[in-house]
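my_file_0.txt, holding compact mmCIF, C-alpha atoms:
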# COMPACT_ATOMS: atom_id res chain seq x y z
CA MET A 702 139.26 153.13 182.44
CA ALA A 703 142.73 152.43 181.06
CA PRO A 704 143.56 153.85 177.69
CA PRO A 705 143.80 151.36 174.84
CA GLY A 706 147.26 150.14 173.99
CA PRO A 707 149.09 150.73 170.73
CA ALA A 708 147.52 149.41 167.55
CA GLY A 709 148.32 145.70 166.84
CA ALA A 710 149.15 144.87 170.48
CA HIS A 711 147.61 141.74 172.09
CA PRO A 712 146.75 141.15 175.71
CA THR A 713 149.81 139.68 177.34
CA SER A 714 147.79 137.42 179.66
CA ALA A 715 145.94 135.65 176.80
CA GLU A 716 149.11 134.80 174.85
CA PRO A 717 150.67 132.21 177.22
CA LEU A 718 147.24 130.67 177.85
CA SER A 719 146.69 130.05 174.11
CA ARG A 720 150.14 128.54 173.70
CA SER A 721 149.59 126.25 176.65
CA ILE A 722 146.32 124.93 175.23
CA PHE A 723 147.90 124.42 171.80
CA ARG A 724 150.83 122.48 173.27
CA LYS A 725 148.49 120.23 175.26
CA PHE A 726 146.48 119.58 172.11
CA LEU A 727 149.61 118.61 170.15
CA LEU A 728 150.75 116.35 172.98
CA MET A 729 147.40 114.55 173.10
CA LEU A 730 147.35 114.18 169.32
CA CYS A 731 150.87 112.71 169.26
CA SER A 732 149.98 110.33 172.09
CA LEU A 733 146.86 109.21 170.24
CA LEU A 734 148.74 108.61 166.98
CA THR A 735 151.50 106.72 168.80
CA SER A 736 148.95 104.53 170.55
CA LEU A 737 147.20 103.78 167.26
CA TYR A 738 150.51 102.90 165.60
CA VAL A 739 151.50 100.56 168.44
CA PHE A 740 148.08 98.94 168.37
CA TYR A 741 148.35 98.49 164.58
CA CYS A 742 151.78 96.87 164.88
CA LEU A 743 150.57 94.53 167.61
CA ALA A 744 147.51 93.62 165.57
CA GLU A 745 149.69 92.83 162.56
CA ARG A 746 152.01 90.73 164.69
CA CYS A 747 149.14 88.81 166.21
CA GLN A 748 147.64 88.19 162.79
CA THR A 749 150.96 86.80 161.55
CA LEU A 750 151.23 84.51 164.55
CA SER A 751 147.56 83.67 164.76
CA GLY A 752 148.00 79.99 164.04
CA PRO A 753 150.48 77.22 163.36
CA VAL A 754 152.21 77.23 159.99
CA VAL A 755 151.27 74.15 158.02
CA GLY A 756 154.10 72.48 156.10
CA LEU A 757 152.14 70.90 153.28
CA SER A 758 154.13 72.21 150.36
CA GLY A 759 157.51 71.01 151.49
CA SER A 760 159.17 74.28 152.41
CA GLY A 761 161.72 74.35 155.15
CA GLU A 762 163.99 77.29 155.76
CA GLU A 763 161.64 80.18 155.02
CA ALA A 764 158.75 78.56 156.76
CA GLY A 765 160.95 77.90 159.73
CA ALA A 766 161.93 81.56 159.76
CA LEU A 767 158.33 82.63 159.54
CA GLY A 768 157.28 80.38 162.37
CA ARG A 769 160.36 81.00 164.49
CA GLY A 770 159.39 81.89 168.03
CA VAL A 771 155.78 80.81 167.52
CA LEU A 772 154.18 78.33 169.86
CA ALA A 773 152.34 76.25 167.29
CA GLY A 774 149.59 73.79 168.03
CA GLY A 775 150.16 70.06 168.04
CA PRO A 776 149.62 67.76 165.09
CA ARG A 777 146.19 66.73 166.29
CA GLU A 778 145.12 70.35 166.50
CA LEU A 779 146.54 71.03 163.05
CA ALA A 780 144.84 68.04 161.51
CA ALA A 781 141.53 69.26 162.89
CA ARG A 782 141.74 72.45 160.89
CA PRO A 783 139.42 72.57 157.85
CA ALA A 784 141.09 72.11 154.47
CA ALA A 785 140.15 75.67 153.48
CA VAL A 786 142.00 77.06 156.52
CA GLN A 787 145.04 74.92 155.72
CA ARG A 788 145.07 76.23 152.14
CA LYS A 789 144.74 79.80 153.38
CA ARG A 790 147.70 79.36 155.73
CA LEU A 791 149.72 77.84 152.91
CA LEU A 792 148.87 80.73 150.61
CA GLN A 793 149.97 83.21 153.29
CA LEU A 794 153.25 81.36 153.61
CA LYS A 795 153.77 81.30 149.82
CA GLN A 796 153.04 85.02 149.55
CA TRP A 797 155.55 85.68 152.33
CA ARG A 798 158.16 83.77 150.37
CA ARG A 799 157.53 85.85 147.28
CA ARG A 800 158.32 89.03 149.16
CA ARG A 801 161.89 87.78 149.60
CA ARG A 802 163.61 88.80 146.39
CA PRO A 803 166.17 86.08 145.55
CA VAL A 804 169.70 87.04 144.55
CA ARG A 805 171.23 84.39 142.36
CA ARG A 806 174.16 84.56 140.06
CA ASP A 807 175.11 82.05 137.42
CA GLY A 808 178.86 81.94 136.88
CA GLY A 809 179.26 85.59 137.86
CA GLU A 810 176.49 86.82 135.58
CA GLU A 811 173.60 89.00 136.59
CA VAL A 812 170.46 87.36 137.98
CA ALA A 813 169.43 84.63 135.58
CA TRP A 814 165.76 84.55 136.47
CA GLU A 815 163.46 87.47 135.82
CA GLU A 816 160.95 88.66 138.37
CA GLU A 817 161.12 86.68 141.53
CA THR A 818 160.12 83.08 141.37
CA PRO A 819 157.92 81.89 144.22
CA GLY A 820 159.94 79.67 146.49
CA LEU A 821 162.78 79.34 143.98
CA ALA A 822 165.91 80.61 145.62
CA GLY A 823 166.74 82.64 148.63
CA GLY A 824 170.15 83.60 149.86
CA PRO A 825 172.70 80.88 149.54
CA GLY A 826 170.22 78.23 150.54
CA GLY A 827 167.48 78.87 148.03
CA SER A 828 163.92 77.84 148.51
CA GLY A 829 161.96 74.85 147.56
CA ALA A 830 158.25 75.18 146.98
CA GLY A 831 156.53 76.91 144.19
CA SER A 832 153.58 74.82 143.05
CA SER A 833 150.09 76.05 143.64
CA VAL A 834 148.32 75.12 146.84
CA ALA A 835 145.66 73.18 145.00
CA GLU A 836 148.32 71.01 143.31
CA ALA A 837 150.37 70.10 146.38
CA PRO A 838 148.96 66.88 147.85
CA PRO A 839 148.50 66.99 151.61
CA ARG A 840 151.35 65.29 153.48
CA THR A 841 152.18 64.91 157.15
CA LEU A 842 151.55 68.23 158.83
CA ALA A 843 154.82 69.62 160.15
CA LEU A 844 155.60 72.12 162.86
CA LEU A 845 158.09 74.50 161.31
CA LEU A 846 159.55 75.92 164.53
CA ASP A 847 163.24 75.63 163.55
CA GLU A 848 162.27 72.36 161.89
CA GLY A 849 164.40 70.63 159.30
CA SER A 850 168.12 70.21 158.93
CA LYS A 851 170.85 70.90 156.41
CA GLN A 852 171.85 67.83 154.45
CA LEU A 853 174.50 67.12 151.86
CA PRO A 854 172.89 66.97 148.41
CA GLN A 855 171.33 63.72 147.31
CA ALA A 856 171.28 64.88 143.67
CA ILE A 857 173.60 67.18 141.72
CA ILE A 858 173.29 68.74 138.27
CA VAL A 859 176.92 68.32 137.19
CA GLY A 860 176.79 69.70 133.65
CA VAL A 861 177.10 71.00 131.13
CA LYS A 862 177.84 74.70 130.76
CA LYS A 863 175.44 76.41 128.32
CA GLY A 864 173.38 73.23 128.17
CA GLY A 865 170.30 74.45 130.07
CA THR A 866 171.26 73.70 133.66
CA ARG A 867 169.84 76.95 135.07
CA ALA A 868 166.48 76.41 133.39
CA LEU A 869 166.31 72.83 134.68
CA LEU A 870 167.08 73.86 138.25
CA GLU A 871 164.51 76.67 138.21
CA PHE A 872 161.86 74.36 136.79
CA LEU A 873 162.65 71.70 139.40
CA ARG A 874 162.25 74.18 142.23
CA VAL A 875 158.56 74.32 141.44
CA HIS A 876 158.33 70.86 142.99
CA PRO A 877 157.50 71.03 146.72
CA ASP A 878 159.91 68.19 147.53
CA VAL A 879 162.97 69.82 145.95
CA ARG A 880 165.18 72.25 147.85
CA ALA A 881 168.21 73.64 146.08
CA VAL A 882 171.07 76.08 146.45
CA GLY A 883 170.52 79.16 144.29
CA ALA A 884 174.14 80.03 143.47
CA GLU A 885 176.64 77.52 142.12
CA PRO A 886 178.72 76.27 145.09
CA HIS A 887 181.73 75.11 143.00
CA PHE A 888 182.71 72.92 145.93
CA PHE A 889 184.08 69.88 144.09
CA ASP A 890 186.17 71.91 141.66
CA ARG A 891 187.27 75.10 143.47
CA SER A 892 186.51 74.90 147.19
CA TYR A 893 187.07 71.25 148.10
CA ASP A 894 189.72 72.18 150.66
CA LYS A 895 187.04 73.95 152.73
CA GLY A 896 185.56 70.61 153.75
CA LEU A 897 182.15 68.95 153.75
CA ALA A 898 180.97 70.87 156.82
CA TRP A 899 181.38 74.13 154.89
CA TYR A 900 179.61 72.59 151.90
CA ARG A 901 176.70 71.32 154.01
CA ASP A 902 176.24 74.74 155.54
CA LEU A 903 175.50 76.16 152.08
CA MET A 904 172.49 73.88 151.73
CA PRO A 905 168.92 74.85 152.55
CA ARG A 906 167.08 73.20 155.42
CA THR A 907 164.95 70.26 154.41
CA LEU A 908 162.20 68.19 155.98
CA GLU A 909 161.92 64.43 155.79
CA GLY A 910 161.09 63.35 152.25
CA GLN A 911 162.59 66.41 150.58
CA ILE A 912 165.60 66.26 148.27
CA THR A 913 168.56 68.61 148.60
CA MET A 914 170.11 69.61 145.27
CA GLU A 915 172.76 71.87 143.79
CA LYS A 916 174.06 72.57 140.29
CA THR A 917 177.57 73.41 139.13
CA PRO A 918 178.03 72.69 135.40
CA SER A 919 181.83 72.75 135.53
CA TYR A 920 181.86 69.53 137.60
CA PHE A 921 181.32 67.46 134.44
CA VAL A 922 184.67 68.53 132.96
CA THR A 923 186.61 68.50 136.26
CA ARG A 924 188.68 65.29 136.48
CA GLU A 925 188.67 65.23 140.29
CA ALA A 926 184.92 65.79 140.68
CA PRO A 927 183.68 62.18 140.18
CA ALA A 928 185.97 60.74 142.86
CA ARG A 929 185.22 63.57 145.27
CA ILE A 930 181.45 63.25 144.89
CA SER A 931 181.71 59.47 145.25
CA ALA A 932 183.72 59.94 148.45
CA MET A 933 180.90 62.10 149.80
CA SER A 934 178.24 59.55 148.85
CA LYS A 935 178.27 56.73 146.34
CA ASP A 936 174.47 57.01 146.15
CA THR A 937 174.44 60.58 144.82
CA LYS A 938 172.21 60.92 141.76
CA LEU A 939 173.82 62.83 138.91
CA ILE A 940 172.03 64.85 136.22
CA VAL A 941 173.77 66.01 133.04
CA VAL A 942 172.03 68.44 130.69
CA VAL A 943 173.61 68.03 127.24
CA ARG A 944 173.14 69.96 124.03
CA ASP A 945 174.36 69.78 120.43
CA PRO A 946 178.08 70.42 121.03
CA VAL A 947 178.39 72.75 118.03
CA THR A 948 175.52 74.95 119.17
CA ARG A 949 176.83 74.74 122.73
CA ALA A 950 180.30 75.95 121.65
CA ILE A 951 178.80 78.92 119.78
CA SER A 952 176.65 79.76 122.79
CA ASP A 953 179.71 79.55 125.05
CA TYR A 954 181.61 81.90 122.74
CA THR A 955 178.64 84.29 122.64
CA GLN A 956 178.62 84.53 126.43
CA THR A 957 182.35 85.30 126.53
CA LEU A 958 181.96 87.82 123.71
CA SER A 959 179.31 89.70 125.70
CA LYS A 960 181.83 90.18 128.50
CA ARG A 961 184.96 90.69 126.37
CA PRO A 962 184.08 92.23 123.00
CA ASP A 963 187.76 92.33 122.00
CA ILE A 964 188.31 88.55 121.87
CA PRO A 965 189.30 86.91 118.55
CA THR A 966 186.67 85.56 116.17
CA PHE A 967 185.04 82.19 116.75
CA GLU A 968 186.71 80.86 113.59
CA SER A 969 190.22 81.82 114.69
CA LEU A 970 189.75 80.23 118.13
CA THR A 971 188.30 77.02 116.68
CA PHE A 972 191.26 76.04 114.52
CA LYS A 973 194.89 75.42 115.29
CA ASN A 974 195.42 75.55 111.55
CA ARG A 975 192.58 76.82 109.36
CA THR A 976 194.22 75.51 106.20
CA THR A 977 194.43 71.91 107.42
CA GLY A 978 191.18 72.17 109.39
CA LEU A 979 192.85 71.02 112.63
CA ILE A 980 190.52 71.75 115.55
CA ASP A 981 192.00 73.29 118.71
CA THR A 982 190.69 70.97 121.43
CA SER A 983 192.51 72.96 124.12
CA TRP A 984 189.91 75.72 123.76
CA SER A 985 187.39 75.08 126.53
CA ALA A 986 184.41 75.92 124.31
CA ILE A 987 185.41 72.98 122.08
CA GLN A 988 186.65 70.64 124.79
CA ILE A 989 183.46 70.71 126.90
CA GLY A 990 181.45 69.27 123.99
CA ILE A 991 183.52 66.05 123.82
CA TYR A 992 180.98 64.46 126.15
CA ALA A 993 182.14 60.85 125.72
CA LYS A 994 185.64 61.69 126.92
CA HIS A 995 184.37 63.35 130.11
CA LEU A 996 181.79 60.64 130.76
CA GLU A 997 184.51 57.98 130.90
CA HIS A 998 185.88 59.58 134.08
CA TRP A 999 182.44 59.51 135.72
CA LEU A 1000 181.76 55.88 134.86
CA ARG A 1001 184.84 54.86 136.85
CA HIS A 1002 183.04 55.98 140.00
CA PHE A 1003 179.29 55.80 139.22
CA PRO A 1004 177.13 53.28 137.32
CA ILE A 1005 175.40 54.63 134.24
CA GLY A 1006 172.02 53.97 135.89
CA GLN A 1007 172.85 56.55 138.53
CA MET A 1008 173.17 59.26 135.90
CA LEU A 1009 170.38 60.94 133.94
CA PHE A 1010 171.12 62.71 130.67
CA VAL A 1011 168.67 65.47 129.88
CA SER A 1012 168.32 66.85 126.36
CA GLY A 1013 168.83 70.61 126.32
CA GLU A 1014 166.87 70.76 123.06
CA HIS A 1015 163.89 68.87 124.53
CA LEU A 1016 164.05 71.06 127.62
CA ILE A 1017 163.05 73.90 125.29
CA SER A 1018 160.65 72.07 122.97
CA ASP A 1019 159.02 69.82 125.59
CA PRO A 1020 159.92 71.00 129.10
CA ALA A 1021 157.15 69.01 130.80
CA GLY A 1022 158.31 65.79 129.12
CA GLU A 1023 161.91 66.23 130.22
CA LEU A 1024 160.82 67.28 133.71
CA GLY A 1025 158.73 64.11 133.89
CA ARG A 1026 161.86 62.02 133.25
CA VAL A 1027 163.78 63.98 135.89
CA GLN A 1028 161.03 63.61 138.49
CA ASP A 1029 160.92 59.85 137.87
CA PHE A 1030 164.71 59.62 138.17
CA LEU A 1031 164.65 61.47 141.50
CA GLY A 1032 161.80 59.32 142.81
CA LEU A 1033 159.40 62.26 142.95
CA LYS A 1034 155.72 62.39 142.16
CA ARG A 1035 155.05 64.01 138.78
CA ILE A 1036 153.75 67.36 139.96
CA ILE A 1037 155.43 69.55 137.31
CA THR A 1038 153.37 69.13 134.13
CA ASP A 1039 152.36 70.96 130.94
CA LYS A 1040 150.14 73.35 132.85
CA HIS A 1041 153.20 74.91 134.50
CA PHE A 1042 154.69 76.18 131.22
CA TYR A 1043 154.06 78.45 128.27
CA PHE A 1044 156.38 79.25 125.37
CA ASN A 1045 157.71 82.80 125.13
CA LYS A 1046 158.15 83.44 121.39
CA THR A 1047 160.22 86.58 121.99
CA LYS A 1048 162.82 84.78 124.08
CA GLY A 1049 162.51 81.46 122.31
CA PHE A 1050 162.32 79.67 125.67
CA PRO A 1051 159.61 78.11 127.80
CA CYS A 1052 158.60 80.11 130.86
CA LEU A 1053 156.83 79.19 134.05
CA LYS A 1054 153.25 80.39 134.17
CA LYS A 1055 152.44 82.84 136.91
CA ALA A 1056 151.83 81.21 140.23
CA GLU A 1057 149.06 82.08 142.68
CA GLY A 1058 149.37 85.63 143.94
CA SER A 1059 151.99 86.56 141.31
CA SER A 1060 151.23 89.17 138.65
CA LYS A 1061 153.84 88.11 136.12
CA PRO A 1062 155.16 84.88 134.61
CA HIS A 1063 158.71 83.78 135.33
CA CYS A 1064 161.15 83.66 132.43
CA LEU A 1065 164.86 83.27 132.01
CA GLY A 1066 166.63 86.60 132.31
CA LYS A 1067 168.38 88.78 129.76
CA THR A 1068 171.64 86.84 130.01
CA LYS A 1069 169.89 83.78 128.54
CA GLY A 1070 168.93 83.35 124.91
CA ARG A 1071 171.46 85.81 123.47
CA THR A 1072 171.53 86.14 119.69
CA HIS A 1073 174.43 84.12 118.32
CA PRO A 1074 176.88 85.75 115.91
CA GLU A 1075 176.94 84.56 112.31
CA ILE A 1076 179.46 81.73 111.93
CA ASP A 1077 180.93 80.64 108.61
CA HIS A 1078 178.98 77.63 107.33
CA GLU A 1079 182.20 75.75 106.49
CA VAL A 1080 183.41 76.18 110.06
CA VAL A 1081 180.14 74.78 111.41
CA GLN A 1082 180.35 71.81 109.05
CA ARG A 1083 183.94 71.09 110.04
CA LEU A 1084 182.94 71.15 113.70
CA ARG A 1085 180.10 68.73 113.02
CA GLU A 1086 182.53 66.35 111.35
CA PHE A 1087 184.88 66.68 114.32
CA TYR A 1088 182.21 65.94 116.91
CA ARG A 1089 180.42 63.14 115.01
CA PRO A 1090 182.53 60.16 116.25
CA PHE A 1091 182.45 61.50 119.82
CA ASN A 1092 178.68 61.95 119.60
CA LEU A 1093 178.16 58.40 118.32
CA LYS A 1094 180.24 57.03 121.19
CA PHE A 1095 178.28 59.15 123.65
CA TYR A 1096 174.99 57.77 122.24
CA GLN A 1097 176.30 54.22 122.79
CA MET A 1098 177.49 54.94 126.32
CA THR A 1099 174.20 56.51 127.41
CA GLY A 1100 171.88 54.34 125.32
CA HIS A 1101 170.23 57.45 123.94
CA ASP A 1102 170.48 59.02 120.48
CA PHE A 1103 170.21 62.80 120.91
CA GLY A 1104 169.92 63.36 117.16
CA TRP A 1105 172.72 65.90 116.78
CA ASP A 1106 174.05 64.24 113.63
CA GLY A 1107 170.78 63.64 111.80
So that I can check it, write out the structure of this file as structure tokens.
Amino acid sequence: MAPPGPAGAHPTSAEPLSRSIFRKFLLMLCSLLTSLYVFYCLAERCQTLSGPVVGLSGSGEEAGALGRGVLAGGPRELAARPAAVQRKRLLQLKQWRRRRRPVRRDGGEEVAWEEETPGLAGGPGGSGAGSSVAEAPPRTLALLLDEGSKQLPQAIIVGVKKGGTRALLEFLRVHPDVRAVGAEPHFFDRSYDKGLAWYRDLMPRTLEGQITMEKTPSYFVTREAPARISAMSKDTKLIVVVRDPVTRAISDYTQTLSKRPDIPTFESLTFKNRTTGLIDTSWSAIQIGIYAKHLEHWLRHFPIGQMLFVSGEHLISDPAGELGRVQDFLGLKRIITDKHFYFNKTKGFPCLKKAEGSSKPHCLGKTKGRTHPEIDHEVVQRLREFYRPFNLKFYQMTGHDFGWDG
């Protein structure tokens, strides 16, 4: 019988055997986990592609991306699906859109829309649908396998800066038949030399019956813009959001002040000569509010009936009413109504109510609704006197009294 080895020693033959078993166990475990992961991924993929995507709510680009590479069933097969299944597919598509966080910038500012807005804007092309599934009336079922095409805009929000153009565009995107660019293209004022092909490529894909839109408020005060837009299409519908020019000028100054705190006071920029009360109309914050002067340039190229003037004040106090006018002007069914809005007392602006599957409402971001600085009452009164004749002429030209001088 061999003497026992030193204390703490282990049999040398057992050691490699134990390690071999342990390694085999680890290998089997890793193989099992890998197989489960692959199976899970395949199951998820199959679930995503389990049926044709139904284009009821008027989306184009995102839906096309979602259905890209999918062999969808034919229209007859789609039509045979129960309404509940169609709604479920639509809801899945809408939830997929919400996962794409839009990046939009308004005149170089930070994102102007808090939270993400379902189907509001994505990349340069934006998105188009945001109404609830129950509200969107069934239309022709569309196969969204690379369906749709990029079109030049049929409607443009051309002005005015600090009038409420961002709010209007975001509200309009709730409509399933509106597709819009998220960022301001500035094509007709800054990038016209790039050509219409470049401009068209910025647009989102649309299906038949959908309207392509964009908004660039500086167009309204750009002398070349009316002729350039008319050259693109004489049938383009134009929307102008206007606001009390005095309040608009103060809001414009407030925005600049937030970026450049060292600028002169509002009073010193307003007057060429404070003693005589001579207004400095070369200052852009003042010049933009002379609406009648700018409108004259547009009426040389477009009939007044092809332009809609939206009240920035009513867009806050009665958003559904103003959106009703806009939908009628664009030839759209009135889908955006009172039930889409609630008033946020903290911000002082209307917000979109939360959509299906969203946990928060959608409000204008921090760059909107800034507190205005205190302006000398005499300065405000002098500005009102300055703008009054221009306002009255603007009322006559548009056939609408906006009540800024009441």
List the neighbours of stretch 928-938 of chain A out to 6 Å using only C-alpha atoms; skip same-chain residues closer than 4 positions along the sequence, and give me the result as a PyMOL selection string. chain A and resi 855-856+1007
Determine, using all atoms listed in the file, which residues of stretch 1015-1084 of chain A have any atom at most 10 Å from an atom of stretch 968-991 of chain A, and tabulate each with its shortest atom pair and distance in Å to one decimal place, rows ordered by chain and then rising number, as CSV.
residue,atom,partner,partner_atom,distance
A:Ile1076,CA,A:Glu968,CA,7.5
A:Asp1077,CA,A:Glu968,CA,7.6
A:Glu1079,CA,A:Glu968,CA,9.8
A:Val1080,CA,A:Glu968,CA,6.7
A:Val1081,CA,A:Glu968,CA,9.2
A:Arg1083,CA,A:Gly978,CA,7.3
A:Leu1084,CA,A:Ile980,CA,7.8
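Across the structure, atom CA of A:Val941 and atom CA of A:Ser1012 are spaced 8.7 Å apart.
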Can you measure atom CA of A:Pro1074 to atom CA of A:Phe921 for me? One decimal in Å is fine. 26.4 Å
Atom-to-atom span, atom CA of A:Leu996 and atom CA of A:Asp945, Å: 15.7 Å
Which residues come within 9 Å of A:Ala926, counting all atoms listed in the file, excluding same-chain residues fewer than 6 positions away, as a PyMOL selection string? chain A and resi 889-890+920+999
Could you name the residues that touch A:Val1027 at 10 Å or less, counting only C-alpha atoms, but leaving out those on the same chain fewer than 2 positions away, as JSON, numbers by chain? {"A": [869, 873, 940, 1009, 1010, 1011, 1021, 1022, 1023, 1024, 1025, 1029, 1030, 1031, 1032, 1033, 1035]}
Which polymer residues, whether protein, DNA or RNA, lie within 12 Å of the coordinate (153.5, 69.7, 134.1) when you count all atoms listed in the file? List them as a compact mmCIF listing (two decimals) with C-alpha atoms, in the frame of the given file, using the chain letters and numbers from the file.
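Resulting contents of selection-v3.txt:
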# COMPACT_ATOMS: atom_id res chain seq x y z
CA SER A 832 153.58 74.82 143.05
CA SER A 833 150.09 76.05 143.64
CA GLU A 836 148.32 71.01 143.31
CA PHE A 872 161.86 74.36 136.79
CA LEU A 873 162.65 71.70 139.40
CA VAL A 875 158.56 74.32 141.44
CA HIS A 876 158.33 70.86 142.99
CA ASP A 1019 159.02 69.82 125.59
CA PRO A 1020 159.92 71.00 129.10
CA ALA A 1021 157.15 69.01 130.80
CA GLY A 1022 158.31 65.79 129.12
CA GLU A 1023 161.91 66.23 130.22
CA LEU A 1024 160.82 67.28 133.71
CA GLY A 1025 158.73 64.11 133.89
CA ARG A 1026 161.86 62.02 133.25
CA VAL A 1027 163.78 63.98 135.89
CA GLN A 1028 161.03 63.61 138.49
CA LYS A 1034 155.72 62.39 142.16
CA ARG A 1035 155.05 64.01 138.78
CA ILE A 1036 153.75 67.36 139.96
CA ILE A 1037 155.43 69.55 137.31
CA THR A 1038 153.37 69.13 134.13
CA ASP A 1039 152.36 70.96 130.94
CA LYS A 1040 150.14 73.35 132.85
CA HIS A 1041 153.20 74.91 134.50
CA PHE A 1042 154.69 76.18 131.22
CA TYR A 1043 154.06 78.45 128.27
CA LEU A 1053 156.83 79.19 134.05
CA LYS A 1054 153.25 80.39 134.17
Selection: 12 Å around A:Gly1104, only C-alpha atoms, excl. self and same-chain fewer than 3 positions, as a PyMOL selection string: chain A and resi 943-946+1012-1015+1089+1092-1093+1095-1096+1101+1107
Based on the selection just made, write C-alpha atoms of those residues as a PDB file, keeping the file's coordinate frame.
ATOM      1  CA  VAL A 943     173.610  68.030 127.240  1.00  0.00           C
ATOM      2  CA  ARG A 944     173.140  69.960 124.030  1.00  0.00           C
ATOM      3  CA  ASP A 945     174.360  69.780 120.430  1.00  0.00           C
ATOM      4  CA  PRO A 946     178.080  70.420 121.030  1.00  0.00           C
ATOM      5  CA  SER A1012     168.320  66.850 126.360  1.00  0.00           C
ATOM      6  CA  GLY A1013     168.830  70.610 126.320  1.00  0.00           C
ATOM      7  CA  GLU A1014     166.870  70.760 123.060  1.00  0.00           C
ATOM      8  CA  HIS A1015     163.890  68.870 124.530  1.00  0.00           C
ATOM      9  CA  ARG A1089     180.420  63.140 115.010  1.00  0.00           C
ATOM     10  CA  ASN A1092     178.680  61.950 119.600  1.00  0.00           C
ATOM     11  CA  LEU A1093     178.160  58.400 118.320  1.00  0.00           C
ATOM     12  CA  PHE A1095     178.280  59.150 123.650  1.00  0.00           C
ATOM     13  CA  TYR A1096     174.990  57.770 122.240  1.00  0.00           C
ATOM     14  CA  HIS A1101     170.230  57.450 123.940  1.00  0.00           C
ATOM     15  CA  GLY A1107     170.780  63.640 111.800  1.00  0.00           C
TER      16      GLY A1107
END
Counting all atoms listed in the file, which residue out of A:Thr923, A:Thr948, A:Gln956, A:Thr966 sits closest to A:Lys994?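 The closest residue to A:Lys994 is A:Thr923.
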Nearest to A:Arg867 among A:Leu903, A:Leu718, A:Ile951, A:Cys1064, with distances taken over all atoms listed in the file: which residue is it? A:Cys1064
